[in-house]
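K.L.:
One structure follows; several queries about it will come next.
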Amino acid sequence: MSDRRFDIEMTPFANDAGWAGIDVAYTANFGPVTTDQVLLKLPKIVASVPGAPYEASDIRVSDAAGALELTEGEGESGPMGAYRHFYADRTVDGEVRLEVRAPVREIDLRTPVGPLFDLRREPLGLFGAGISFVPIPPSDEREYDFSLTWQLEAGVTAVSSRGSGDEVRRWRGSSDTIERCLFGAGTPRISPEGSKNFGIHAYSDVPFDLDALSGYLGDIHAYMTDFFEEDEASYHVLVRRNPDKGSGGTSFPSSFAFGYSPTTEVDEEDLRSLLAHEMVHNWPTLDEEWEVASWYSEGTAEFYSLVLPWRAGLLSAESLAEQLSTMYSRYDTNIRRTLSYPEAAELFWADLRAQTVPYGRGIQYLVRVDSQLREASNEATSLDDIVLDILRAQRRGEKVLTEGWLERIEAVIGESVRDEYRAMFDGEPIPAPERAFQGVFEPVAITAPEHNLGFDIDSFNTTPRLITGLVPGSAAEGAGLREGDELVTRRFSNGATRDGTTPFDVAVMRDGVEETIRYQPRGPEVPTTKWVVGS
């Protein structure tokens, strides 16, 4: 145990309205931090989600010399959001005590959709990510020895990205590991009951079979843990309601936050696929920024969310072929498919179509690389070998960048891998291999309608929200939408990005009367790939 301790206490509390927040306290070794250096940081807004609305005086900080007075200043900002910085009135060096009361975020139907970072109440508890409500010191190269302790009333349970239960949890890492940690408490329904290493924690009544889902995912988790060579890995899913239509979630280390809408039917097969994808995120990653390496993290998550359940006998070959075909089609018909990775990152929170680029492009690239590795090595080497070799190196403390990936596959396939990687990174089409997934599946060239909204997606983000850039001859115009229509629909939903044949409902206000127009956002036919079980 080093002298860089960081001991956290979490105490959930309630009031007459229900679950009201979490009292956060920690003791940590800071310093030295002078008055012109940042003592604490907290997002003002991150990925469209606001941080806790603390005043500087709400954050009580003291050290051996007594209480500190904080002042606030503007922090760094970027595509993901902006930070608030807090400064002390004198130099701080040594053990620091921080206390703050984190309130739940009050929401309604007008609350914009974003990642599940915010601390939010549900009928059976509350949960959120540390990034939204825990002020922390700026990260540096040094690490802390962390501990997490819950102070709970009788009958209340707790869970975090570090595991379930109220026993003390310990880990080692930089200060920003707190930001990437989920914290939840209450009286949720947990399936399977009494679980420690795996469980789904539902903080409200859910519109799907919780026990069936946890049984399926528990089996997948056991298989993945073995494949990725990790003993007793934990994984917990925290579930809450979305105020708006649609479902979705946010991945965290060893955990996942899932949100569903009570007004939208949950497709349980899609949910199993989503959670299997998120579970894979426990393992494969490259040690680079998202805009550079998301093809790897999202591509491997898509790849292994299919291939591992299939190998485990939990997913049929026919279902794998169908899901793989859907992944190819959604990418190939995405109007943003030609963006480079930096361009997609720039549009990430403004255009949901850009958010999906790393998923589809990543799996297409990895399916091709897996086939090339197998062919070049006469089946002696596959994507599995490369991914596991990278993971082992990272567990030894090595940082593996894109160059490490390229060196590993170049040693098997040859120099062509660098040109193919650059083409993929820049958004060029990725040729499908002749066979995929251990040679069992074959591609069939088909066409599908490109997804074309028919007007500028920025129409959803302006004030007032008015349709602009209506495309003459588009399906949107043909259905009756007009330039200048006032949008009542609050957002461009994830479901509407799937393909050109999924119906899209747009509510507009005309002469004081709300009207809903439904159309298929079909564009021109574009080439894609259907995968079938080979002969």
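How things are named: the first chain in the structure tokens is A, the next is B, and so on; residues count from 1 in each chain; ligands count from 1 in the order shown.
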Using DSSP secondary structure from the backbone, list all strand (DSSP E or B) positions within stretch 184-270 of chain A, as number ranges by chain.
P.N.:
A: 184-186, 189-191, 198-202, 235-241, 248-252, 255-260
K.L.:
Can you list every residue of stretch 494-522 of chain A that has an atom at most 9 Å from stretch 468-487 of chain A, with its nearest atom pair and the distance in Å to one decimal, using only C-alpha atoms, ordered by chain then number, as JSON lines?
P.N.:
```
{"residue": "A:Val506", "atom": "CA", "partner": "A:Leu487", "partner_atom": "CA", "distance": 7.4}
{"residue": "A:Ala507", "atom": "CA", "partner": "A:Leu487", "partner_atom": "CA", "distance": 6.1}
{"residue": "A:Val508", "atom": "CA", "partner": "A:Leu487", "partner_atom": "CA", "distance": 4.5}
{"residue": "A:Met509", "atom": "CA", "partner": "A:Glu486", "partner_atom": "CA", "distance": 5.3}
{"residue": "A:Arg510", "atom": "CA", "partner": "A:Asp485", "partner_atom": "CA", "distance": 7.0}
{"residue": "A:Ile517", "atom": "CA", "partner": "A:Ala479", "partner_atom": "CA", "distance": 6.8}
{"residue": "A:Arg518", "atom": "CA", "partner": "A:Ala479", "partner_atom": "CA", "distance": 7.0}
{"residue": "A:Tyr519", "atom": "CA", "partner": "A:Ala479", "partner_atom": "CA", "distance": 6.0}
{"residue": "A:Gln520", "atom": "CA", "partner": "A:Ala475", "partner_atom": "CA", "distance": 6.7}
{"residue": "A:Pro521", "atom": "CA", "partner": "A:Ala475", "partner_atom": "CA", "distance": 5.9}
{"residue": "A:Arg522", "atom": "CA", "partner": "A:Ala475", "partner_atom": "CA", "distance": 6.3}
```
K.L.:
Which residue out of A:Ala222, A:Ala14, A:Ala28, A:Ile59 has the minimum interatomic distance to A:Phe146 when only C-alpha atoms are used?
P.N.:
A:Ala28
K.L.:
Using only C-alpha atoms, which of the listed residues (A:Met80, A:Ala25, A:Met279, A:Leu148) sits closest to A:Val46?
P.N.:
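Checking each candidate against A:Val46, we get A:Met80 as the closest.
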K.L.:
Quick one, how far is atom CA of A:Ala448 from atom CA of A:Glu525?
P.N.:
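Value for the atom CA of A:Ala448-atom CA of A:Glu525 distance: 5.1 Å.
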K.L.:
Would you list the contacts of stretch 290-292 of chain A as a PDB file with N, CA, C and O atoms, in the first residue's frame, taking every protein, DNA or RNA residue within 6 Å and counting only C-alpha atoms, but skipping same-chain residues closer than 4 positions in sequence?
P.N.:
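Contents of selection-v1.pdb, as written:
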```pdb
ATOM      1  N   TYR A 341     -12.075   8.730 -39.546  1.00  0.00           N
ATOM      2  CA  TYR A 341     -12.315   8.647 -38.108  1.00  0.00           C
ATOM      3  C   TYR A 341     -12.287  10.008 -37.419  1.00  0.00           C
ATOM      4  O   TYR A 341     -13.153  10.299 -36.589  1.00  0.00           O
ATOM      5  N   PRO A 342     -11.339  10.889 -37.714  1.00  0.00           N
ATOM      6  CA  PRO A 342     -11.399  12.215 -37.090  1.00  0.00           C
ATOM      7  C   PRO A 342     -12.675  12.977 -37.449  1.00  0.00           C
ATOM      8  O   PRO A 342     -13.248  13.678 -36.613  1.00  0.00           O
ATOM      9  N   ALA A 345     -15.489  11.578 -35.388  1.00  0.00           N
ATOM     10  CA  ALA A 345     -15.381  12.025 -33.999  1.00  0.00           C
ATOM     11  C   ALA A 345     -15.883  13.450 -33.841  1.00  0.00           C
ATOM     12  O   ALA A 345     -16.525  13.794 -32.842  1.00  0.00           O
TER      13      ALA A 345
END
```
K.L.:
Show me, as a PDB file with N, CA, C and O atoms, in the first residue's frame, the residues that have an atom within 8 Å of stretch 373-376 of chain A when counting only C-alpha atoms, minus same-chain residues fewer than 4 positions from it.
P.N.:
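Output contents, as saved in selection27.pdb:
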```pdb
ATOM      1  N   VAL A 369      -9.635  -9.023 -41.820  1.00  0.00           N
ATOM      2  CA  VAL A 369      -8.313  -9.343 -41.273  1.00  0.00           C
ATOM      3  C   VAL A 369      -8.276 -10.770 -40.748  1.00  0.00           C
ATOM      4  O   VAL A 369      -7.293 -11.496 -40.963  1.00  0.00           O
ATOM      5  N   ALA A 380      -3.199 -21.371 -38.955  1.00  0.00           N
ATOM      6  CA  ALA A 380      -2.402 -21.422 -37.721  1.00  0.00           C
ATOM      7  C   ALA A 380      -2.597 -20.177 -36.861  1.00  0.00           C
ATOM      8  O   ALA A 380      -2.375 -20.214 -35.645  1.00  0.00           O
ATOM      9  N   THR A 381      -2.988 -19.061 -37.480  1.00  0.00           N
ATOM     10  CA  THR A 381      -3.170 -17.799 -36.761  1.00  0.00           C
ATOM     11  C   THR A 381      -4.498 -17.181 -37.157  1.00  0.00           C
ATOM     12  O   THR A 381      -4.879 -17.203 -38.329  1.00  0.00           O
ATOM     13  N   SER A 382      -5.186 -16.627 -36.171  1.00  0.00           N
ATOM     14  CA  SER A 382      -6.465 -15.968 -36.417  1.00  0.00           C
ATOM     15  C   SER A 382      -6.513 -14.653 -35.654  1.00  0.00           C
ATOM     16  O   SER A 382      -5.568 -14.300 -34.923  1.00  0.00           O
ATOM     17  N   LEU A 383      -7.608 -13.943 -35.787  1.00  0.00           N
ATOM     18  CA  LEU A 383      -7.787 -12.719 -35.015  1.00  0.00           C
ATOM     19  C   LEU A 383      -7.687 -12.995 -33.519  1.00  0.00           C
ATOM     20  O   LEU A 383      -7.166 -12.174 -32.763  1.00  0.00           O
ATOM     21  N   ILE A 409      -0.126  -8.001 -37.161  1.00  0.00           N
ATOM     22  CA  ILE A 409      -0.776  -8.626 -38.321  1.00  0.00           C
ATOM     23  C   ILE A 409       0.131  -8.598 -39.550  1.00  0.00           C
ATOM     24  O   ILE A 409       0.059  -9.487 -40.410  1.00  0.00           O
ATOM     25  N   VAL A 412       2.245 -11.648 -40.171  1.00  0.00           N
ATOM     26  CA  VAL A 412       1.563 -12.825 -40.731  1.00  0.00           C
ATOM     27  C   VAL A 412       1.110 -12.566 -42.162  1.00  0.00           C
ATOM     28  O   VAL A 412       1.325 -13.398 -43.048  1.00  0.00           O
ATOM     29  N   ILE A 413       0.519 -11.414 -42.425  1.00  0.00           N
ATOM     30  CA  ILE A 413      -0.115 -11.152 -43.716  1.00  0.00           C
ATOM     31  C   ILE A 413       0.842 -10.496 -44.700  1.00  0.00           C
ATOM     32  O   ILE A 413       0.827 -10.793 -45.892  1.00  0.00           O
TER      33      ILE A 413
END
```
K.L.:
Wanna dump the stretch 285-391 of chain A-stretch 67-79 of chain A contacts at 10 Å for me, each residue with its shortest atom pair and the distance in Å to one decimal, counting only C-alpha atoms, ordered by chain and number, as a tab-separated table?
P.N.:
```
residue	atom	partner	partner_atom	distance
A:Ala345	CA	A:Pro79	CA	7.9
A:Glu346	CA	A:Pro79	CA	6.5
A:Leu347	CA	A:Pro79	CA	8.5
A:Phe348	CA	A:Pro79	CA	8.2
A:Trp349	CA	A:Pro79	CA	8.0
A:Ala350	CA	A:Pro79	CA	9.8
```
K.L.:
Of the candidates A:Phe441, A:Trp150, A:Leu119, A:Pro429, which shows the shortest atom-to-atom distance to A:Glu322, using only C-alpha atoms?
P.N.:
A:Phe441
K.L.:
Would you give me, as an MDAnalysis selection string, the residues in stretch 62-163 of chain A that DSSP reads as helix (DSSP H, G or I)?
P.N.:
chainID A and resid 130:133
K.L.:
Write out as a count of residues only which residues come within 7 Å of A:Gly427 when counting only C-alpha atoms, dropping same-chain ones fewer than 6 positions away.
P.N.:
4
K.L.:
Env of A:Glu265: 12 Å cut, atoms = only C-alpha atoms, seq-sep filter 4 positions within chain, self excluded. Answer as an NGL selection string.
P.N.:
:A and (206-208 or 245-247 or 260-261 or 269-271)
K.L.:
What's the 12 Å shell around A:Tyr296, counting only C-alpha atoms, without same-chain residues fewer than 6 positions away, as a CSV table (one decimal) with N, CA, C and O atoms, in the first residue's frame?
P.N.:
```
chain,number,residue,atom,x,y,z
A,280,VAL,N,-18.0,-7.6,-24.0
A,280,VAL,CA,-16.7,-7.7,-24.6
A,280,VAL,C,-15.8,-6.5,-24.3
A,280,VAL,O,-14.6,-6.6,-24.2
A,281,HIS,N,-16.4,-5.3,-24.1
A,281,HIS,CA,-15.7,-4.1,-23.8
A,281,HIS,C,-14.8,-4.3,-22.5
A,281,HIS,O,-14.0,-3.4,-22.2
A,283,TRP,N,-12.5,-6.2,-22.2
A,283,TRP,CA,-11.2,-6.7,-22.6
A,283,TRP,C,-10.5,-6.0,-23.8
A,283,TRP,O,-9.6,-5.2,-23.5
A,284,PRO,N,-10.8,-6.2,-25.0
A,284,PRO,CA,-10.0,-5.7,-26.1
A,284,PRO,C,-10.1,-4.1,-26.2
A,284,PRO,O,-11.1,-3.5,-26.2
A,285,THR,N,-8.9,-3.5,-26.2
A,285,THR,CA,-8.8,-2.1,-26.4
A,285,THR,C,-7.4,-1.8,-26.9
A,285,THR,O,-6.4,-2.6,-26.6
A,286,LEU,N,-7.2,-0.6,-27.5
A,286,LEU,CA,-5.9,-0.1,-27.8
A,286,LEU,C,-5.7,1.1,-26.9
A,286,LEU,O,-6.6,1.8,-26.6
A,287,ASP,N,-4.4,1.4,-26.6
A,287,ASP,CA,-4.1,2.5,-25.6
A,287,ASP,C,-4.0,3.8,-26.3
A,287,ASP,O,-2.9,4.5,-26.2
A,288,GLU,N,-5.0,4.2,-27.1
A,288,GLU,CA,-5.0,5.5,-27.8
A,288,GLU,C,-6.4,6.2,-27.7
A,288,GLU,O,-7.3,5.6,-27.2
A,289,GLU,N,-6.5,7.4,-28.2
A,289,GLU,CA,-7.7,8.2,-28.1
A,289,GLU,C,-8.8,7.5,-28.9
A,289,GLU,O,-8.5,6.8,-29.8
A,290,TRP,N,-10.0,7.8,-28.5
A,290,TRP,CA,-11.2,7.2,-29.1
A,290,TRP,C,-11.2,7.5,-30.6
A,290,TRP,O,-11.5,6.5,-31.4
A,302,GLU,N,-18.2,-6.0,-31.5
A,302,GLU,CA,-19.2,-6.5,-32.5
A,302,GLU,C,-18.8,-8.0,-32.9
A,302,GLU,O,-19.6,-8.9,-32.9
A,303,PHE,N,-17.5,-8.2,-33.2
A,303,PHE,CA,-17.0,-9.5,-33.7
A,303,PHE,C,-17.3,-10.5,-32.6
A,303,PHE,O,-17.9,-11.6,-32.9
A,304,TYR,N,-16.8,-10.3,-31.4
A,304,TYR,CA,-16.9,-11.3,-30.4
A,304,TYR,C,-18.2,-11.5,-29.7
A,304,TYR,O,-18.6,-12.5,-29.1
A,341,TYR,N,-12.1,8.7,-39.5
A,341,TYR,CA,-12.3,8.6,-38.1
A,341,TYR,C,-12.3,10.0,-37.4
A,341,TYR,O,-13.2,10.3,-36.6
A,357,VAL,N,-20.4,4.7,-37.0
A,357,VAL,CA,-19.3,4.4,-37.9
A,357,VAL,C,-18.3,3.4,-37.3
A,357,VAL,O,-18.0,2.4,-38.0
A,358,PRO,N,-17.8,3.6,-36.1
A,358,PRO,CA,-16.8,2.7,-35.6
A,358,PRO,C,-17.3,1.2,-35.5
A,358,PRO,O,-16.5,0.3,-35.7
A,359,TYR,N,-18.6,1.0,-35.2
A,359,TYR,CA,-19.1,-0.3,-35.1
A,359,TYR,C,-19.1,-1.1,-36.4
A,359,TYR,O,-18.5,-2.2,-36.5
A,360,GLY,N,-19.8,-0.5,-37.4
A,360,GLY,CA,-19.8,-1.2,-38.7
A,360,GLY,C,-18.5,-1.3,-39.4
A,360,GLY,O,-18.2,-2.4,-40.0
A,361,ARG,N,-17.8,-0.2,-39.4
A,361,ARG,CA,-16.5,-0.3,-40.1
A,361,ARG,C,-15.5,-1.2,-39.4
A,361,ARG,O,-14.7,-1.9,-40.0
A,362,GLY,N,-15.6,-1.2,-38.0
A,362,GLY,CA,-14.7,-2.0,-37.2
A,362,GLY,C,-14.9,-3.5,-37.5
A,362,GLY,O,-13.9,-4.2,-37.7
A,363,ILE,N,-16.1,-3.9,-37.5
A,363,ILE,CA,-16.3,-5.4,-37.7
A,363,ILE,C,-16.0,-5.8,-39.1
A,363,ILE,O,-15.5,-6.8,-39.4
A,364,GLN,N,-16.4,-4.9,-40.1
A,364,GLN,CA,-16.0,-5.3,-41.5
A,364,GLN,C,-14.5,-5.4,-41.7
A,364,GLN,O,-14.0,-6.4,-42.3
A,365,TYR,N,-13.8,-4.5,-41.1
A,365,TYR,CA,-12.3,-4.6,-41.2
A,365,TYR,C,-11.8,-5.8,-40.5
A,365,TYR,O,-10.9,-6.6,-41.0
A,366,LEU,N,-12.3,-6.1,-39.3
A,366,LEU,CA,-11.8,-7.3,-38.5
A,366,LEU,C,-12.2,-8.6,-39.1
A,366,LEU,O,-11.4,-9.6,-39.1
A,367,VAL,N,-13.4,-8.7,-39.7
A,367,VAL,CA,-13.8,-9.9,-40.4
A,367,VAL,C,-12.8,-10.2,-41.6
A,367,VAL,O,-12.4,-11.3,-41.8
A,369,VAL,N,-9.6,-9.0,-41.8
A,369,VAL,CA,-8.3,-9.3,-41.3
A,369,VAL,C,-8.3,-10.8,-40.7
A,369,VAL,O,-7.3,-11.5,-41.0
A,383,LEU,N,-7.6,-13.9,-35.8
A,383,LEU,CA,-7.8,-12.7,-35.0
A,383,LEU,C,-7.7,-13.0,-33.5
A,383,LEU,O,-7.2,-12.2,-32.8
A,386,ILE,N,-4.1,-12.6,-32.3
A,386,ILE,CA,-3.7,-11.2,-32.2
A,386,ILE,C,-4.3,-10.5,-31.0
A,386,ILE,O,-3.6,-9.8,-30.2
A,387,VAL,N,-5.6,-10.6,-30.9
A,387,VAL,CA,-6.3,-9.9,-29.8
A,387,VAL,C,-5.8,-10.4,-28.4
A,387,VAL,O,-5.6,-9.5,-27.5
A,390,ILE,N,-2.3,-9.0,-27.7
A,390,ILE,CA,-2.3,-7.6,-27.3
A,390,ILE,C,-2.8,-7.5,-25.8
A,390,ILE,O,-2.2,-6.8,-25.0
A,400,VAL,N,-0.2,-0.7,-25.9
A,400,VAL,CA,-0.2,-1.2,-27.2
A,400,VAL,C,-1.0,-0.1,-28.1
A,400,VAL,O,-2.2,0.1,-27.8
A,401,LEU,N,-0.4,0.4,-29.0
A,401,LEU,CA,-1.0,1.4,-29.9
A,401,LEU,C,-1.3,0.8,-31.2
A,401,LEU,O,-1.1,-0.4,-31.4
A,402,THR,N,-1.8,1.6,-32.2
A,402,THR,CA,-2.2,1.1,-33.5
A,402,THR,C,-1.0,0.4,-34.1
A,402,THR,O,-1.1,-0.6,-34.8
A,405,TRP,N,-0.7,-3.1,-33.2
A,405,TRP,CA,-1.6,-3.9,-34.0
A,405,TRP,C,-1.1,-4.2,-35.3
A,405,TRP,O,-1.1,-5.4,-35.8
A,406,LEU,N,-0.6,-3.2,-36.0
A,406,LEU,CA,-0.1,-3.4,-37.4
A,406,LEU,C,1.1,-4.3,-37.5
A,406,LEU,O,1.2,-5.1,-38.4
A,421,TYR,N,-5.2,-0.7,-43.8
A,421,TYR,CA,-5.6,0.0,-42.6
A,421,TYR,C,-5.9,1.5,-42.9
A,421,TYR,O,-6.9,2.1,-42.4
A,424,MET,N,-9.1,1.9,-44.6
A,424,MET,CA,-10.2,1.8,-43.7
A,424,MET,C,-10.4,3.0,-42.8
A,424,MET,O,-11.5,3.6,-42.6
A,425,PHE,N,-9.3,3.6,-42.3
A,425,PHE,CA,-9.3,4.7,-41.4
A,425,PHE,C,-9.9,5.9,-42.2
A,425,PHE,O,-10.6,6.8,-41.6
```
